[in-house]
>>> print(open('my_file-v3.cif').read())   # mmCIF, N, CA and C atoms
data_final
loop_
_atom_site.label_atom_id
_atom_site.label_comp_id
_atom_site.auth_asym_id
_atom_site.auth_seq_id
_atom_site.Cartn_x
_atom_site.Cartn_y
_atom_site.Cartn_z
N GLN A 1 -38.09 10.86 -22.55
CA GLN A 1 -37.82 12.28 -22.77
C GLN A 1 -37.29 12.89 -21.48
N VAL A 2 -36.08 13.45 -21.58
CA VAL A 2 -35.45 14.04 -20.40
C VAL A 2 -36.09 15.39 -20.09
N GLN A 3 -36.43 15.59 -18.82
CA GLN A 3 -36.97 16.88 -18.40
C GLN A 3 -36.43 17.24 -17.04
N LEU A 4 -36.11 18.51 -16.88
CA LEU A 4 -35.83 19.13 -15.59
C LEU A 4 -36.76 20.32 -15.48
N VAL A 5 -37.64 20.29 -14.49
CA VAL A 5 -38.65 21.34 -14.37
C VAL A 5 -38.48 22.04 -13.03
N GLU A 6 -38.04 23.30 -13.09
CA GLU A 6 -37.88 24.10 -11.88
C GLU A 6 -39.19 24.76 -11.50
N SER A 7 -39.36 25.00 -10.22
CA SER A 7 -40.53 25.71 -9.72
C SER A 7 -40.17 26.39 -8.40
N GLY A 8 -41.03 27.30 -7.97
CA GLY A 8 -40.84 27.96 -6.68
C GLY A 8 -40.35 29.39 -6.77
N GLY A 9 -39.98 29.84 -7.95
CA GLY A 9 -39.55 31.22 -8.09
C GLY A 9 -40.69 32.19 -7.80
N ASP A 10 -40.32 33.36 -7.29
CA ASP A 10 -41.37 34.32 -6.91
C ASP A 10 -40.74 35.68 -6.65
N LEU A 11 -41.58 36.65 -6.37
CA LEU A 11 -41.16 37.97 -5.91
C LEU A 11 -41.16 37.93 -4.38
N VAL A 12 -40.05 38.30 -3.77
CA VAL A 12 -39.93 38.24 -2.32
C VAL A 12 -39.19 39.48 -1.83
N ARG A 13 -39.51 39.91 -0.62
CA ARG A 13 -38.85 41.08 -0.05
C ARG A 13 -37.46 40.72 0.46
N PRO A 14 -36.56 41.70 0.51
CA PRO A 14 -35.23 41.44 1.11
C PRO A 14 -35.38 40.88 2.51
N GLY A 15 -34.55 39.88 2.81
CA GLY A 15 -34.62 39.20 4.09
C GLY A 15 -35.55 38.00 4.09
N GLY A 16 -36.31 37.84 3.04
CA GLY A 16 -37.26 36.74 2.96
C GLY A 16 -36.62 35.43 2.54
N SER A 17 -37.47 34.42 2.39
CA SER A 17 -37.01 33.07 2.05
C SER A 17 -37.83 32.49 0.90
N LEU A 18 -37.20 31.61 0.16
CA LEU A 18 -37.87 30.84 -0.89
C LEU A 18 -37.23 29.47 -0.95
N THR A 19 -38.02 28.50 -1.40
CA THR A 19 -37.48 27.18 -1.68
C THR A 19 -37.77 26.85 -3.14
N LEU A 20 -36.72 26.60 -3.90
CA LEU A 20 -36.85 26.18 -5.29
C LEU A 20 -36.81 24.65 -5.36
N SER A 21 -37.57 24.11 -6.31
CA SER A 21 -37.57 22.67 -6.57
C SER A 21 -37.23 22.43 -8.03
N CYS A 22 -36.61 21.31 -8.28
CA CYS A 22 -36.31 20.87 -9.65
C CYS A 22 -36.63 19.39 -9.75
N LYS A 23 -37.69 19.11 -10.49
CA LYS A 23 -38.16 17.73 -10.65
C LYS A 23 -37.60 17.14 -11.93
N ALA A 24 -36.94 15.99 -11.82
CA ALA A 24 -36.31 15.35 -12.97
C ALA A 24 -37.13 14.16 -13.45
N SER A 25 -37.07 13.91 -14.76
CA SER A 25 -37.69 12.73 -15.34
C SER A 25 -36.96 12.35 -16.61
N GLY A 26 -37.09 11.09 -16.98
CA GLY A 26 -36.50 10.64 -18.24
C GLY A 26 -35.06 10.15 -18.14
N PHE A 27 -34.50 10.14 -16.94
CA PHE A 27 -33.16 9.61 -16.75
C PHE A 27 -33.03 9.14 -15.30
N THR A 28 -31.97 8.41 -15.00
CA THR A 28 -31.77 7.88 -13.65
C THR A 28 -31.17 8.97 -12.78
N PHE A 29 -32.03 9.58 -12.00
CA PHE A 29 -31.66 10.78 -11.24
C PHE A 29 -30.45 10.54 -10.34
N SER A 30 -30.40 9.41 -9.68
CA SER A 30 -29.32 9.15 -8.72
C SER A 30 -27.97 8.92 -9.39
N ASP A 31 -27.93 8.84 -10.71
CA ASP A 31 -26.66 8.69 -11.44
C ASP A 31 -26.00 10.04 -11.73
N TYR A 32 -26.68 11.11 -11.33
CA TYR A 32 -26.23 12.44 -11.72
C TYR A 32 -25.96 13.33 -10.52
N ALA A 33 -24.85 14.06 -10.59
CA ALA A 33 -24.66 15.19 -9.68
C ALA A 33 -25.61 16.30 -10.10
N MET A 34 -26.08 17.06 -9.13
CA MET A 34 -27.04 18.13 -9.42
C MET A 34 -26.51 19.46 -8.92
N SER A 35 -26.89 20.51 -9.61
CA SER A 35 -26.46 21.84 -9.19
C SER A 35 -27.51 22.88 -9.56
N TRP A 36 -27.41 24.00 -8.87
CA TRP A 36 -28.22 25.17 -9.17
C TRP A 36 -27.29 26.27 -9.67
N TRP A 37 -27.74 26.93 -10.72
CA TRP A 37 -27.03 28.06 -11.32
C TRP A 37 -28.00 29.24 -11.38
N ARG A 38 -27.46 30.41 -11.60
CA ARG A 38 -28.33 31.57 -11.77
C ARG A 38 -27.72 32.53 -12.78
N GLN A 39 -28.60 33.29 -13.41
CA GLN A 39 -28.15 34.28 -14.38
C GLN A 39 -28.98 35.55 -14.20
N ALA A 40 -28.29 36.61 -13.84
CA ALA A 40 -28.93 37.91 -13.71
C ALA A 40 -28.82 38.66 -15.03
N PRO A 41 -29.70 39.63 -15.26
CA PRO A 41 -29.66 40.37 -16.52
C PRO A 41 -28.29 40.99 -16.77
N GLY A 42 -27.75 40.75 -17.96
CA GLY A 42 -26.46 41.33 -18.33
C GLY A 42 -25.25 40.65 -17.74
N LYS A 43 -25.47 39.54 -17.03
CA LYS A 43 -24.35 38.84 -16.40
C LYS A 43 -24.25 37.41 -16.90
N GLU A 44 -23.09 36.81 -16.66
CA GLU A 44 -22.88 35.42 -17.03
C GLU A 44 -23.60 34.50 -16.04
N ARG A 45 -23.94 33.32 -16.53
CA ARG A 45 -24.53 32.32 -15.64
C ARG A 45 -23.46 31.88 -14.65
N GLU A 46 -23.85 31.77 -13.37
CA GLU A 46 -22.88 31.40 -12.33
C GLU A 46 -23.40 30.24 -11.50
N LEU A 47 -22.47 29.43 -11.01
CA LEU A 47 -22.80 28.30 -10.15
C LEU A 47 -23.16 28.82 -8.76
N VAL A 48 -24.29 28.35 -8.25
CA VAL A 48 -24.75 28.74 -6.93
C VAL A 48 -24.44 27.66 -5.90
N ALA A 49 -24.81 26.42 -6.21
CA ALA A 49 -24.62 25.32 -5.27
C ALA A 49 -24.65 24.01 -6.03
N SER A 50 -23.97 23.01 -5.49
CA SER A 50 -23.97 21.69 -6.13
C SER A 50 -23.98 20.60 -5.07
N THR A 51 -24.43 19.43 -5.49
CA THR A 51 -24.43 18.27 -4.61
C THR A 51 -24.06 17.04 -5.40
N ASN A 52 -23.43 16.08 -4.74
CA ASN A 52 -23.07 14.85 -5.45
C ASN A 52 -24.29 13.94 -5.58
N ARG A 53 -24.08 12.74 -6.06
CA ARG A 53 -25.19 11.86 -6.43
C ARG A 53 -26.10 11.53 -5.26
N PHE A 54 -25.54 11.48 -4.06
CA PHE A 54 -26.35 11.04 -2.92
C PHE A 54 -26.52 12.14 -1.88
N GLY A 55 -26.08 13.35 -2.19
CA GLY A 55 -26.29 14.49 -1.30
C GLY A 55 -25.31 14.58 -0.16
N GLY A 56 -24.31 13.71 -0.14
CA GLY A 56 -23.37 13.71 0.97
C GLY A 56 -22.32 14.78 0.89
N SER A 57 -22.17 15.39 -0.27
CA SER A 57 -21.17 16.43 -0.46
C SER A 57 -21.81 17.60 -1.17
N THR A 58 -21.63 18.80 -0.63
CA THR A 58 -22.22 20.00 -1.22
C THR A 58 -21.16 21.10 -1.32
N THR A 59 -21.35 21.98 -2.29
CA THR A 59 -20.49 23.15 -2.43
C THR A 59 -21.36 24.37 -2.68
N TYR A 60 -20.84 25.53 -2.32
CA TYR A 60 -21.59 26.78 -2.46
C TYR A 60 -20.69 27.90 -2.96
N ALA A 61 -21.30 28.80 -3.73
CA ALA A 61 -20.62 30.05 -4.07
C ALA A 61 -20.43 30.86 -2.80
N ASP A 62 -19.35 31.62 -2.75
CA ASP A 62 -19.09 32.43 -1.56
C ASP A 62 -20.25 33.39 -1.26
N SER A 63 -20.89 33.86 -2.32
CA SER A 63 -21.95 34.86 -2.16
C SER A 63 -23.20 34.32 -1.49
N VAL A 64 -23.37 32.99 -1.45
CA VAL A 64 -24.59 32.42 -0.87
C VAL A 64 -24.31 31.51 0.32
N ARG A 65 -23.04 31.21 0.57
CA ARG A 65 -22.72 30.27 1.65
C ARG A 65 -23.26 30.81 2.97
N GLY A 66 -23.94 29.92 3.70
CA GLY A 66 -24.53 30.29 4.98
C GLY A 66 -25.97 30.80 4.86
N ARG A 67 -26.40 31.10 3.64
CA ARG A 67 -27.77 31.57 3.41
C ARG A 67 -28.60 30.56 2.61
N PHE A 68 -27.95 29.84 1.70
CA PHE A 68 -28.63 28.88 0.82
C PHE A 68 -28.24 27.46 1.23
N ALA A 69 -29.14 26.52 0.97
CA ALA A 69 -28.85 25.11 1.22
C ALA A 69 -29.41 24.26 0.09
N ILE A 70 -28.57 23.43 -0.49
CA ILE A 70 -29.00 22.50 -1.54
C ILE A 70 -29.24 21.13 -0.91
N SER A 71 -30.28 20.46 -1.37
CA SER A 71 -30.55 19.10 -0.91
C SER A 71 -31.24 18.34 -2.04
N ARG A 72 -31.27 17.03 -1.91
CA ARG A 72 -31.92 16.22 -2.94
C ARG A 72 -32.64 15.05 -2.29
N ASP A 73 -33.69 14.62 -2.96
CA ASP A 73 -34.45 13.44 -2.54
C ASP A 73 -34.48 12.51 -3.74
N ASN A 74 -33.63 11.50 -3.74
CA ASN A 74 -33.55 10.61 -4.89
C ASN A 74 -34.81 9.78 -5.07
N ALA A 75 -35.55 9.57 -4.02
CA ALA A 75 -36.81 8.83 -4.14
C ALA A 75 -37.87 9.65 -4.89
N LYS A 76 -37.74 10.96 -4.83
CA LYS A 76 -38.69 11.85 -5.51
C LYS A 76 -38.10 12.47 -6.78
N ASN A 77 -36.87 12.11 -7.11
CA ASN A 77 -36.20 12.66 -8.30
C ASN A 77 -36.21 14.18 -8.29
N THR A 78 -35.93 14.75 -7.13
CA THR A 78 -36.04 16.19 -6.97
C THR A 78 -34.84 16.74 -6.21
N VAL A 79 -34.37 17.90 -6.67
CA VAL A 79 -33.34 18.65 -5.97
C VAL A 79 -33.95 19.98 -5.54
N TYR A 80 -33.53 20.45 -4.37
CA TYR A 80 -34.09 21.66 -3.77
C TYR A 80 -33.00 22.69 -3.53
N LEU A 81 -33.44 23.95 -3.48
CA LEU A 81 -32.55 25.02 -3.05
C LEU A 81 -33.32 25.88 -2.05
N GLN A 82 -32.96 25.77 -0.78
CA GLN A 82 -33.55 26.60 0.25
C GLN A 82 -32.75 27.90 0.31
N MET A 83 -33.46 29.01 0.14
CA MET A 83 -32.79 30.32 0.10
C MET A 83 -33.34 31.19 1.22
N ASP A 84 -32.48 31.57 2.13
CA ASP A 84 -32.85 32.42 3.26
C ASP A 84 -32.10 33.75 3.18
N SER A 85 -32.57 34.72 3.95
CA SER A 85 -31.91 36.04 4.01
C SER A 85 -31.63 36.58 2.61
N LEU A 86 -32.64 36.52 1.77
CA LEU A 86 -32.46 36.93 0.37
C LEU A 86 -32.13 38.40 0.25
N LYS A 87 -31.30 38.70 -0.74
CA LYS A 87 -30.84 40.06 -1.01
C LYS A 87 -31.24 40.46 -2.44
N PRO A 88 -31.33 41.74 -2.71
CA PRO A 88 -31.66 42.16 -4.08
C PRO A 88 -30.69 41.59 -5.11
N GLU A 89 -29.45 41.41 -4.74
CA GLU A 89 -28.46 40.86 -5.69
C GLU A 89 -28.66 39.37 -5.97
N ASP A 90 -29.58 38.74 -5.27
CA ASP A 90 -29.94 37.34 -5.58
C ASP A 90 -30.95 37.26 -6.71
N THR A 91 -31.44 38.39 -7.17
CA THR A 91 -32.40 38.42 -8.27
C THR A 91 -31.77 37.84 -9.53
N ALA A 92 -32.43 36.83 -10.10
CA ALA A 92 -31.89 36.14 -11.28
C ALA A 92 -32.88 35.07 -11.72
N ILE A 93 -32.61 34.51 -12.88
CA ILE A 93 -33.27 33.26 -13.26
C ILE A 93 -32.41 32.12 -12.72
N TYR A 94 -33.04 31.20 -12.01
CA TYR A 94 -32.34 30.07 -11.40
C TYR A 94 -32.60 28.81 -12.22
N TYR A 95 -31.52 28.11 -12.53
CA TYR A 95 -31.57 26.90 -13.35
C TYR A 95 -31.01 25.72 -12.57
N CYS A 96 -31.58 24.54 -12.79
CA CYS A 96 -30.94 23.35 -12.26
C CYS A 96 -30.24 22.63 -13.41
N LYS A 97 -29.23 21.88 -13.03
CA LYS A 97 -28.38 21.17 -14.01
C LYS A 97 -28.09 19.78 -13.48
N ALA A 98 -28.17 18.81 -14.36
CA ALA A 98 -27.80 17.43 -14.05
C ALA A 98 -26.60 17.06 -14.89
N ILE A 99 -25.61 16.42 -14.26
CA ILE A 99 -24.39 16.10 -15.01
C ILE A 99 -23.80 14.78 -14.53
N ASN A 100 -23.34 13.97 -15.48
CA ASN A 100 -22.45 12.87 -15.17
C ASN A 100 -21.43 12.78 -16.29
N LEU A 101 -20.69 11.69 -16.37
CA LEU A 101 -19.59 11.61 -17.34
C LEU A 101 -20.11 11.61 -18.78
N ASP A 102 -21.35 11.20 -18.97
CA ASP A 102 -21.88 11.03 -20.34
C ASP A 102 -22.78 12.16 -20.80
N SER A 103 -23.51 12.78 -19.88
CA SER A 103 -24.56 13.71 -20.31
C SER A 103 -24.67 14.90 -19.37
N THR A 104 -25.22 15.97 -19.93
CA THR A 104 -25.54 17.18 -19.17
C THR A 104 -26.93 17.64 -19.58
N TYR A 105 -27.76 17.95 -18.58
CA TYR A 105 -29.12 18.43 -18.85
C TYR A 105 -29.36 19.71 -18.05
N TRP A 106 -30.13 20.61 -18.66
CA TRP A 106 -30.52 21.87 -18.02
C TRP A 106 -32.03 21.98 -17.97
N GLY A 107 -32.52 22.63 -16.93
CA GLY A 107 -33.92 23.01 -16.88
C GLY A 107 -34.13 24.33 -17.59
N GLN A 108 -35.40 24.77 -17.60
CA GLN A 108 -35.75 25.99 -18.32
C GLN A 108 -35.65 27.23 -17.46
N GLY A 109 -35.51 27.06 -16.15
CA GLY A 109 -35.30 28.19 -15.26
C GLY A 109 -36.57 28.66 -14.57
N THR A 110 -36.36 29.30 -13.42
CA THR A 110 -37.46 29.91 -12.67
C THR A 110 -36.96 31.27 -12.15
N GLN A 111 -37.82 32.28 -12.24
CA GLN A 111 -37.42 33.64 -11.91
C GLN A 111 -37.55 33.90 -10.41
N VAL A 112 -36.47 34.42 -9.83
CA VAL A 112 -36.48 34.88 -8.45
C VAL A 112 -36.20 36.38 -8.46
N THR A 113 -37.10 37.15 -7.89
CA THR A 113 -36.92 38.59 -7.79
C THR A 113 -36.98 39.01 -6.33
N VAL A 114 -35.93 39.69 -5.88
CA VAL A 114 -35.87 40.15 -4.50
C VAL A 114 -35.94 41.68 -4.53
N SER A 115 -37.04 42.21 -4.04
CA SER A 115 -37.27 43.65 -4.12
C SER A 115 -38.29 44.08 -3.08
N SER A 116 -38.11 45.29 -2.58
CA SER A 116 -39.08 45.84 -1.64
C SER A 116 -40.15 46.63 -2.39
#
>>> encode(input="my_file-v3.cif", output="structure tokens")
Amino acid sequence: QVQLVESGGDLVRPGGSLTLSCKASGFTFSDYAMSWWRQAPGKERELVASTNRFGGSTTYADSVRGRFAISRDNAKNTVYLQMDSLKPEDTAIYYCKAINLDSTYWGQGTQVTVSS
């Protein structure tokens, strides 16, 4: 049974930091590129950051570049999103996604709220 389980979402003040985790099971994690997406109320889901199968290549949305960092640990079947200097506009549900040529999987999401 394929599962992607996100965790780490929370309420944080502007300027604060959070680390999100996404634990994968039920498939060969290292065969998949991984990414983080987010969806704010009333907005479309958008790509935040992505990494290739072994973490050697990463990409970021312009809005988070320099503040967020994606990483993965294939031994732990986990992808992370380190978020620093958080802003109210980062408030959203954050989802992880696994993709290769054959399959795409999504997690259920974790809520991040940035507010004073």
>>> residues_around(input="my_file-v3.cif", residues="Phe29 (chain A)", least_positions_apart="3", cutoff="6.5 Å", atoms="all atoms listed in the file", output="JSON, numbers by chain")
{"A": [32, 74, 77]}
>>> resolve_selection(input="my_file-v3.cif", expression="the PyMOL selection byres ((chain A and resi 51) around 8)", output="ChimeraX atom specification")
/A:32-36,49-50,52-60,70-72
>>> residues_around(input="my_file-v3.cif", residues="Gly8 (chain A)", least_positions_apart="2", cutoff="7 Å", atoms="only C-alpha atoms", output="list in words")
Asp10, Thr19, Leu20 and Ser21 of chain A
>>> residues_around(input="my_file-v3.cif", residues="Arg38 (chain A)", least_positions_apart="5", cutoff="6 Å", atoms="only N, CA and C atoms", output="MDAnalysis selection string")
chainID A and resid 44:48 92:95
>>> atom_distance(input="my_file-v3.cif", atom1="atom C of Thr110 (chain A)", atom2="atom N of Gly16 (chain A)")
16.6 Å
>>> resolve_selection(input="my_file-v3.cif", expression="the PyMOL selection byres ((chain A and resi 14) around 6)", output="PyMOL selection string")
chain A and resi 12-13+15-16+85-88+114-116
>>> residues_around(input="my_file-v3.cif", residues="Gly9 (chain A)", least_positions_apart="2", cutoff="5 Å", atoms="all atoms listed in the file", output="list of chain:residue names")
A:Ser7, A:Leu11, A:Thr110, A:Gln111, A:Val112
>>> write_last_selection(input="my_file-v3.cif", atoms="N, CA and C atoms", output="mmCIF file, in the frame of the given file")
data_model
loop_
_atom_site.group_PDB
_atom_site.id
_atom_site.type_symbol
_atom_site.label_atom_id
_atom_site.label_comp_id
_atom_site.auth_asym_id
_atom_site.auth_seq_id
_atom_site.Cartn_x
_atom_site.Cartn_y
_atom_site.Cartn_z
ATOM 1 N N SER A 7 -39.360 25.000 -10.220
ATOM 2 C CA SER A 7 -40.530 25.710 -9.720
ATOM 3 C C SER A 7 -40.170 26.390 -8.400
ATOM 4 N N LEU A 11 -41.580 36.650 -6.370
ATOM 5 C CA LEU A 11 -41.160 37.970 -5.910
ATOM 6 C C LEU A 11 -41.160 37.930 -4.380
ATOM 7 N N THR A 110 -36.360 29.300 -13.420
ATOM 8 C CA THR A 110 -37.460 29.910 -12.670
ATOM 9 C C THR A 110 -36.960 31.270 -12.150
ATOM 10 N N GLN A 111 -37.820 32.280 -12.240
ATOM 11 C CA GLN A 111 -37.420 33.640 -11.910
ATOM 12 C C GLN A 111 -37.550 33.900 -10.410
ATOM 13 N N VAL A 112 -36.470 34.420 -9.830
ATOM 14 C CA VAL A 112 -36.480 34.880 -8.450
ATOM 15 C C VAL A 112 -36.200 36.380 -8.460
#
>>> closest_residue(input="my_file-v3.cif", among="A:Thr113, A:Leu18, A:Cys96, A:Glu6", to="Trp37 (chain A)", atoms="all atoms listed in the file")
A:Cys96
>>> select_by_dssp(input="my_file-v3.cif", residues="region 20-89 of chain A", states="helix (DSSP H, G or I)", output="JSON, numbers by chain")
{"A": [29, 30, 31, 88, 89]}
>>> atom_distance(input="my_file-v3.cif", atom1="CA of Asp31 (chain A)", atom2="CA of Gln82 (chain A)")
22.5 Å
>>> resolve_selection(input="my_file-v3.cif", expression="the PyMOL selection byres (((chain A and resi 101-105 and name CA) around 9) and name CA)", output="ChimeraX atom specification")
/A:2-4,32,96-100,106-107
>>> atom_distance(input="my_file-v3.cif", atom1="CA of Thr91 (chain A)", atom2="CA of Pro41 (chain A)")
8.9 Å
>>> decode(input="my_file-v3.cif", residues="region 28-40 of chain A", atoms="N, CA, C and O atoms", output="CSV table (one decimal), in the first residue's frame")
chain,number,residue,atom,x,y,z
A,28,THR,N,9.4,2.0,-4.1
A,28,THR,CA,10.9,2.2,-4.0
A,28,THR,C,11.2,3.7,-4.1
A,28,THR,O,11.2,4.3,-5.2
A,29,PHE,N,11.4,4.2,-2.9
A,29,PHE,CA,11.5,5.7,-2.8
A,29,PHE,C,12.6,6.3,-3.7
A,29,PHE,O,12.4,7.3,-4.4
A,30,SER,N,13.7,5.6,-3.8
A,30,SER,CA,14.8,6.1,-4.6
A,30,SER,C,14.6,6.1,-6.1
A,30,SER,O,15.4,6.7,-6.9
A,31,ASP,N,13.5,5.5,-6.6
A,31,ASP,CA,13.1,5.5,-8.0
A,31,ASP,C,12.3,6.7,-8.4
A,31,ASP,O,11.9,6.8,-9.6
A,32,TYR,N,12.0,7.5,-7.4
A,32,TYR,CA,11.1,8.6,-7.7
A,32,TYR,C,11.7,10.0,-7.4
A,32,TYR,O,12.4,10.2,-6.4
A,33,ALA,N,11.5,10.9,-8.3
A,33,ALA,CA,11.7,12.3,-7.9
A,33,ALA,C,10.7,12.8,-6.9
A,33,ALA,O,9.5,12.3,-7.0
A,34,MET,N,11.1,13.7,-6.1
A,34,MET,CA,10.2,14.2,-5.0
A,34,MET,C,10.0,15.7,-5.1
A,34,MET,O,10.9,16.4,-5.4
A,35,SER,N,8.9,16.1,-4.7
A,35,SER,CA,8.6,17.6,-4.7
A,35,SER,C,7.6,18.0,-3.6
A,35,SER,O,6.9,17.1,-3.1
A,36,TRP,N,7.7,19.2,-3.2
A,36,TRP,CA,6.7,19.8,-2.3
A,36,TRP,C,5.9,20.8,-3.1
A,36,TRP,O,6.4,21.6,-3.9
A,37,TRP,N,4.6,20.8,-2.8
A,37,TRP,CA,3.7,21.7,-3.4
A,37,TRP,C,2.9,22.4,-2.2
A,37,TRP,O,2.9,21.9,-1.1
A,38,ARG,N,2.2,23.4,-2.6
A,38,ARG,CA,1.3,24.1,-1.5
A,38,ARG,C,0.1,24.6,-2.2
A,38,ARG,O,0.1,25.0,-3.4
A,39,GLN,N,-0.9,24.7,-1.4
A,39,GLN,CA,-2.2,25.3,-1.9
A,39,GLN,C,-2.8,26.2,-0.8
A,39,GLN,O,-3.1,25.7,0.3
A,40,ALA,N,-2.9,27.4,-1.1
A,40,ALA,CA,-3.5,28.4,-0.1
A,40,ALA,C,-5.0,28.5,-0.5
A,40,ALA,O,-5.4,28.2,-1.6
